[in-house]
$ cat query30.cif   # mmCIF, C-alpha atoms and all ligand atoms
data_model
#
loop_
_atom_site.label_atom_id
_atom_site.label_comp_id
_atom_site.auth_asym_id
_atom_site.auth_seq_id
_atom_site.Cartn_x
_atom_site.Cartn_y
_atom_site.Cartn_z
CA MET A 1 0.00 0.00 0.00
CA THR A 2 1.29 3.45 -0.81
CA LEU A 3 1.30 5.79 2.14
CA SER A 4 0.23 9.38 1.98
CA GLN A 5 2.31 11.67 4.14
CA ASN A 6 2.19 15.04 5.87
CA LEU A 7 -1.16 16.81 5.72
CA SER A 8 -0.84 20.55 5.20
CA ILE A 9 -0.60 22.18 8.63
CA PRO A 10 -4.14 22.56 9.98
CA GLY A 11 -5.30 25.80 11.54
CA ARG A 12 -6.94 23.88 14.38
CA ALA A 13 -6.58 20.28 15.55
CA LEU A 14 -8.40 18.24 18.20
CA ALA A 15 -6.88 15.06 19.65
CA ILE A 16 -9.26 12.72 21.52
CA GLY A 17 -7.76 10.16 23.92
CA ALA A 18 -9.29 7.70 26.36
CA HIS A 19 -6.78 8.29 29.16
CA PRO A 20 -4.16 10.84 30.14
CA ASP A 21 -1.03 9.87 28.09
CA ASP A 22 -2.84 8.19 25.15
CA ILE A 23 -2.67 11.33 23.02
CA ASP A 24 1.05 11.72 23.70
CA PHE A 25 1.78 8.13 22.67
CA GLY A 26 -0.54 8.27 19.64
CA CYS A 27 0.21 11.61 18.06
CA GLY A 28 2.43 13.72 20.34
CA GLY A 29 5.07 14.32 17.66
CA THR A 30 2.50 15.35 15.07
CA LEU A 31 0.80 17.76 17.49
CA ALA A 32 4.16 19.29 18.44
CA LYS A 33 5.04 19.79 14.77
CA TRP A 34 1.71 21.42 14.00
CA ALA A 35 1.74 23.60 17.12
CA ALA A 36 5.22 24.84 16.25
CA ALA A 37 3.82 25.92 12.86
CA GLY A 38 0.97 27.86 14.47
CA CYS A 39 -1.81 25.26 14.68
CA VAL A 40 -4.15 25.69 17.65
CA VAL A 41 -4.18 22.27 19.33
CA THR A 42 -6.91 21.17 21.74
CA GLU A 43 -6.79 17.91 23.68
CA LEU A 44 -9.87 16.01 24.88
CA VAL A 45 -9.34 13.30 27.50
CA LEU A 46 -12.42 11.17 28.04
CA THR A 47 -11.74 9.32 31.32
CA ASP A 48 -10.30 10.33 34.66
CA GLY A 49 -7.35 7.90 34.60
CA SER A 50 -8.33 6.61 38.04
CA LYS A 51 -7.23 3.02 37.32
CA GLY A 52 -3.73 4.08 36.30
CA SER A 53 -1.78 2.82 39.29
CA TRP A 54 -0.36 -0.53 40.41
CA ASP A 55 -0.76 0.51 44.02
CA PRO A 56 -4.02 -1.02 45.31
CA LYS A 57 -4.04 1.55 48.12
CA ALA A 58 -3.66 4.58 45.84
CA ASP A 59 -6.16 7.31 46.68
CA GLN A 60 -8.17 7.68 43.50
CA ALA A 61 -9.15 11.34 43.92
CA THR A 62 -5.49 12.25 44.39
CA LEU A 63 -4.54 10.17 41.37
CA VAL A 64 -7.19 11.83 39.19
CA ALA A 65 -5.99 15.32 40.13
CA LEU A 66 -2.37 14.33 39.58
CA ARG A 67 -3.10 12.85 36.16
CA GLN A 68 -4.90 16.01 35.03
CA GLU A 69 -1.91 18.05 36.14
CA GLU A 70 0.42 15.69 34.26
CA GLN A 71 -1.71 15.91 31.11
CA ARG A 72 -1.61 19.71 31.21
CA ALA A 73 2.19 19.60 31.56
CA ALA A 74 2.38 17.12 28.67
CA ALA A 75 0.19 19.37 26.51
CA ALA A 76 2.43 22.33 27.35
CA ALA A 77 5.48 20.29 26.28
CA LEU A 78 3.85 19.83 22.87
CA GLY A 79 2.81 23.48 22.58
CA ALA A 80 -0.85 22.49 22.77
CA GLY A 81 -3.50 24.78 24.21
CA ASP A 82 -6.64 23.75 26.06
CA VAL A 83 -7.05 20.32 27.63
CA VAL A 84 -10.68 19.28 28.17
CA PHE A 85 -11.43 16.46 30.62
CA LEU A 86 -14.79 14.69 30.48
CA GLY A 87 -13.97 12.74 33.64
CA HIS A 88 -15.67 9.42 32.89
CA THR A 89 -14.57 6.62 35.19
CA ASP A 90 -11.45 4.93 33.87
CA GLY A 91 -12.29 1.46 32.52
CA GLU A 92 -16.00 2.21 32.32
CA LEU A 93 -16.18 4.49 29.27
CA ALA A 94 -19.26 3.89 27.10
CA SER A 95 -19.96 5.16 23.60
CA GLY A 96 -23.66 5.84 23.83
CA LEU A 97 -25.68 8.87 22.86
CA ALA A 98 -24.86 10.85 26.01
CA GLU A 99 -21.10 10.48 25.51
CA ARG A 100 -21.46 11.17 21.79
CA ALA A 101 -23.23 14.45 22.61
CA GLU A 102 -20.35 15.45 24.89
CA VAL A 103 -17.75 14.81 22.19
CA CYS A 104 -19.93 16.53 19.58
CA ARG A 105 -20.06 19.61 21.79
CA VAL A 106 -16.27 19.78 22.10
CA ILE A 107 -15.84 19.35 18.33
CA ARG A 108 -18.33 22.16 17.70
CA GLN A 109 -16.52 24.38 20.21
CA ALA A 110 -12.97 23.65 19.05
CA ARG A 111 -13.90 23.59 15.31
CA PRO A 112 -10.87 21.50 14.29
CA ASP A 113 -9.72 21.01 10.70
CA VAL A 114 -8.22 17.69 11.77
CA VAL A 115 -9.41 15.30 14.48
CA LEU A 116 -7.06 12.60 15.81
CA GLY A 117 -8.14 9.57 17.85
CA HIS A 118 -7.84 5.87 18.61
CA ASP A 119 -8.68 3.44 15.77
CA PRO A 120 -11.84 1.68 17.05
CA TRP A 121 -11.45 -1.04 14.42
CA LYS A 122 -8.00 -2.15 15.58
CA ARG A 123 -8.21 -5.94 15.68
CA TYR A 124 -7.66 -7.84 18.91
CA ARG A 125 -7.63 -4.65 20.93
CA LEU A 126 -8.13 -5.46 24.60
CA HIS A 127 -8.89 -2.19 26.35
CA PRO A 128 -12.57 -1.26 26.05
CA ASP A 129 -11.89 2.43 26.75
CA HIS A 130 -9.66 2.66 23.67
CA ARG A 131 -12.34 1.07 21.51
CA HIS A 132 -15.09 3.32 22.87
CA ALA A 133 -12.88 6.41 22.58
CA GLY A 134 -12.28 5.56 18.91
CA PHE A 135 -15.98 5.20 18.23
CA LEU A 136 -16.70 8.46 20.05
CA ALA A 137 -14.23 10.31 17.80
CA VAL A 138 -15.84 8.86 14.68
CA GLU A 139 -19.45 9.22 15.83
CA GLY A 140 -18.83 12.61 17.45
CA ILE A 141 -17.81 13.91 14.01
CA VAL A 142 -20.96 12.50 12.41
CA ALA A 143 -23.05 14.33 15.00
CA ALA A 144 -21.04 17.57 14.94
CA ARG A 145 -21.33 18.03 11.19
CA ASP A 146 -25.13 17.79 11.04
CA PRO A 147 -27.40 20.54 12.44
CA HIS A 148 -30.12 18.05 13.36
CA PHE A 149 -27.92 16.27 15.91
CA PHE A 150 -28.13 17.81 19.38
CA PRO A 151 -29.60 21.17 18.24
CA ASP A 152 -30.10 22.06 21.92
CA GLN A 153 -26.34 22.65 22.15
CA GLY A 154 -26.92 25.96 20.41
CA LEU A 155 -23.62 25.62 18.55
CA PRO A 156 -23.20 25.79 14.78
CA PRO A 157 -22.43 22.44 13.12
CA HIS A 158 -18.83 21.74 12.22
CA ARG A 159 -17.33 19.30 9.69
CA PRO A 160 -13.59 18.59 10.05
CA ALA A 161 -11.60 17.96 6.86
CA SER A 162 -9.66 14.90 8.05
CA LEU A 163 -9.61 12.26 10.75
CA LEU A 164 -6.35 10.51 11.66
CA LEU A 165 -6.60 7.30 13.70
CA TRP A 166 -3.55 6.10 15.64
CA GLU A 167 -2.80 2.44 16.54
CA ALA A 168 -4.28 1.95 13.09
CA ASP A 169 -5.43 -1.45 11.93
CA GLU A 170 -4.54 -0.45 8.36
CA VAL A 171 -1.92 2.29 8.23
CA ASP A 172 -2.21 4.45 5.10
CA HIS A 173 -0.76 7.77 6.24
CA VAL A 174 2.32 8.98 8.09
CA GLU A 175 3.30 12.28 9.61
CA SER A 176 7.01 13.05 9.76
CA ILE A 177 8.06 13.92 13.31
CA ASP A 178 11.72 14.55 12.53
CA GLY A 179 12.85 17.18 15.03
CA PHE A 180 9.84 16.63 17.27
CA LEU A 181 10.76 13.40 19.03
CA PRO A 182 12.22 15.37 21.99
CA ALA A 183 8.87 17.15 22.46
CA LYS A 184 7.00 13.85 22.28
CA LEU A 185 9.35 12.29 24.83
CA ALA A 186 9.03 15.31 27.13
CA ALA A 187 5.24 15.02 26.95
CA LEU A 188 5.35 11.30 27.72
CA LEU A 189 7.73 11.77 30.63
CA ALA A 190 5.41 14.41 32.09
CA HIS A 191 3.21 11.46 33.08
CA ARG A 192 5.29 10.72 36.17
CA SER A 193 2.55 8.54 37.69
CA GLN A 194 2.83 6.20 34.68
CA TRP A 195 6.59 5.72 34.70
CA GLN A 196 6.52 2.40 36.49
CA SER A 197 3.37 0.80 35.10
CA THR A 198 3.32 2.00 31.49
CA MET A 199 6.85 3.11 30.68
CA GLY A 200 8.93 0.62 32.66
CA ILE A 201 10.87 3.41 34.37
CA ASP A 202 11.54 2.13 37.86
CA ALA A 203 14.45 1.52 40.23
CA ASP A 204 17.26 2.15 37.75
CA ARG A 205 15.86 5.44 36.61
CA ALA A 206 18.54 6.56 34.14
CA ALA A 207 18.86 3.19 32.41
CA ASP A 208 15.10 2.60 32.38
CA GLU A 209 14.43 6.04 30.97
CA ALA A 210 17.02 5.50 28.24
CA ALA A 211 15.42 2.16 27.36
CA PHE A 212 11.99 3.80 27.16
CA GLU A 213 13.32 6.55 24.90
CA THR A 214 14.92 3.92 22.69
CA ARG A 215 11.58 2.08 22.40
CA ILE A 216 9.74 5.26 21.40
CA ARG A 217 12.48 6.19 18.91
CA GLU A 218 12.43 2.70 17.37
CA ARG A 219 8.66 2.84 16.98
CA ALA A 220 8.93 6.22 15.21
CA SER A 221 11.76 4.94 13.08
CA GLU A 222 9.74 1.88 11.99
CA ALA A 223 6.72 4.06 11.19
CA GLY A 224 8.92 6.31 9.07
CA ALA A 225 10.82 3.55 7.30
CA ALA A 226 7.74 2.50 5.33
CA ALA A 227 7.61 5.99 3.80
CA GLY A 228 11.33 6.78 3.58
CA LEU A 229 11.19 9.14 6.56
CA PRO A 230 13.62 9.07 9.50
CA LEU A 231 10.95 9.38 12.20
CA ALA A 232 7.16 9.35 11.88
CA GLU A 233 3.82 8.58 13.45
CA ALA A 234 1.49 6.23 11.57
CA PHE A 235 -2.24 6.63 11.05
CA LYS A 236 -5.33 5.52 9.19
CA ARG A 237 -6.56 8.62 7.37
CA LEU A 238 -10.19 9.41 6.57
CA ASP A 239 -10.98 12.48 4.48
CA ARG A 240 -14.59 12.22 3.38
CA LEU A 241 -16.19 13.19 6.63
ZN ZN B 301 -5.15 4.44 27.32
#
$ encode --input "query30.cif" --output "structure tokens" --more "lines below"
Ligand SMILES: [Zn+2]
Amino acid sequence: MTLSQNLSIPGRALAIGAHPDDIDFGCGGTLAKWAAAGCVVTELVLTDGSKGSWDPKADQATLVALRQEEQRAAAAALGAGDVVFLGHTDGELASGLAERAEVCRVIRQARPDVVLGHDPWKRYRLHPDHRHAGFLAVEGIVAARDPHFFPDQGLPPHRPASLLLWEADEVDHVESIDGFLPAKLAALLAHRSQWQSTMGIDADRAADEAAFETRIRERASEAGAAAGLPLAEAFKRLDRL
């Protein structure tokens, strides 16, 4: 399959992730590149991240507050602007009409040219929140573009030009992130509460952190290799929205 690459820099972009840190893993380099070129980037995090600890005694309210703080720091590292939290319980995200209305509202408020989200059709995906978050990105766009969906919101309809899905089941588009890997890594490392569980950064901090950076660099290098780019993020691209 031939891969398309590098959309023209959007004026506004909205990234939709299930948990704090998903956006940074999925498209952090792309968002940093666009923000550096003047794109207004908004992040929408659907759950509260309250299951994101291996410590069974962790206080969940403290963890939720900490994870919001970490996500804001991560967004700042990318040059992104607003971070919107819907605060659904981690692990219990649904993709029904009520949640679709919430995502539709944020799309109509942020008015993005490009939306980025999880690929809901990724085969053998385990985490239900990632699947539901993907469907909410897709179905939120369908609602946002049509004035007869949720007219009570009192917001004009909005139709984005493109949707990019990360963790794609069928990759057909890449964004070069050459020069923006440091920003992506800085955003990821802002999620201090996830170092041990998600990033494998533990007792031997320096060595573990280096190994994590190597893993992220290798992933970007593999994504780029298919398109002759040094470093990239891979997506499924949908344009006829
Ligand atoms: Zn996640």
$ closest_residue --input "query30.cif" --among "A:Leu229, A:Leu164, A:Ala37, A:Val138" --to "A:Leu78" --atoms "only C-alpha atoms"
A:Ala37
$ atom_distance --input "query30.cif" --atom1 "atom CA of A:Ala110" --atom2 "atom CA of A:Ala15"
10.5 Å
$ atom_distance --input "query30.cif" --atom1 "atom CA of A:His130" --atom2 "atom CA of A:Ala203"
29.3 Å
$ residues_near_point --input "query30.cif" --point "(0.5, 27.7, 22.7)" --cutoff "8 Å" --atoms "all atoms listed in the file" --output "ChimeraX atom specification"
/A:35,40-41,76,79-81
$ closest_atom_pairs --input "query30.cif" --of "chain A" --to "ligand ZN 301 (chain B)" --cutoff "7 Å" --atoms "only C-alpha atoms and all ligand atoms" --output "Markdown table"
| residue | atom | partner | partner_atom | distance |
| --- | --- | --- | --- | --- |
| A:Ala18 | CA | B:ZN301 | ZN | 5.4 |
| A:His19 | CA | B:ZN301 | ZN | 4.6 |
| A:Asp21 | CA | B:ZN301 | ZN | 6.9 |
| A:Asp22 | CA | B:ZN301 | ZN | 4.9 |
| A:His130 | CA | B:ZN301 | ZN | 6.1 |
$ atom_distance --input "query30.cif" --atom1 "atom CA of A:Ala32" --atom2 "atom CA of A:Arg125"
26.8 Å
$ closest_atom_pairs --input "query30.cif" --of "stretch 71-189 of chain A" --to "stretch 224-227 of chain A" --cutoff "10 Å" --atoms "all atoms listed in the file" --output "tab-separated table"
residue	atom	partner	partner_atom	distance
A:His173	CA	A:Ala227	CA	8.9
A:Val174	CA	A:Gly224	CA	7.2
A:Glu175	CA	A:Gly224	CA	8.2
A:Ser176	CA	A:Gly224	CA	7.0
A:Ile177	CA	A:Gly224	CA	8.8
A:Asp178	CA	A:Gly224	CA	9.4
$ residues_around --input "query30.cif" --residues "A:Arg12" --least-positions-apart "4" --cutoff "10 Å" --atoms "all atoms listed in the file" --output "list in words"
Trp34, Ala35, Gly38, Cys39, Val40, Val41, Thr42, Ala110, Arg111, Pro112, Asp113, Val114, Val115 and Pro160 of chain A
$ axis_aligned_box --input "query30.cif" --around "stretch 140-158 of chain A" --padding-each-side "3 Å" --output "lines of an AutoDock Vina configuration file"
center_x = -24.0
center_y = 19.2
center_z = 16.6
size_x = 18.3
size_y = 19.5
size_z = 17.1
$ residues_around --input "query30.cif" --residues "A:Pro120" --least-positions-apart "4" --cutoff "8 Å" --atoms "all atoms listed in the file" --output "mmCIF file with C-alpha atoms, in the coordinates of the input"
data_model
loop_
_atom_site.group_PDB
_atom_site.id
_atom_site.type_symbol
_atom_site.label_atom_id
_atom_site.label_comp_id
_atom_site.auth_asym_id
_atom_site.auth_seq_id
_atom_site.Cartn_x
_atom_site.Cartn_y
_atom_site.Cartn_z
ATOM 1 C CA HIS A 130 -9.660 2.660 23.670
ATOM 2 C CA ARG A 131 -12.340 1.070 21.510
ATOM 3 C CA HIS A 132 -15.090 3.320 22.870
ATOM 4 C CA ALA A 133 -12.880 6.410 22.580
ATOM 5 C CA GLY A 134 -12.280 5.560 18.910
ATOM 6 C CA PHE A 135 -15.980 5.200 18.230
#
$ residues_near_point --input "query30.cif" --point "(-1.0, 10.4, 1.8)" --cutoff "12 Å" --atoms "all atoms listed in the file" --output "number ranges by chain"
A: 1-8, 162, 164, 171-176, 227, 234-239
$ closest_residue --input "query30.cif" --among "A:Asp119, A:Asp82, A:Asp24, A:Glu167" --to "A:Leu181" --atoms "all atoms listed in the file"
A:Asp24
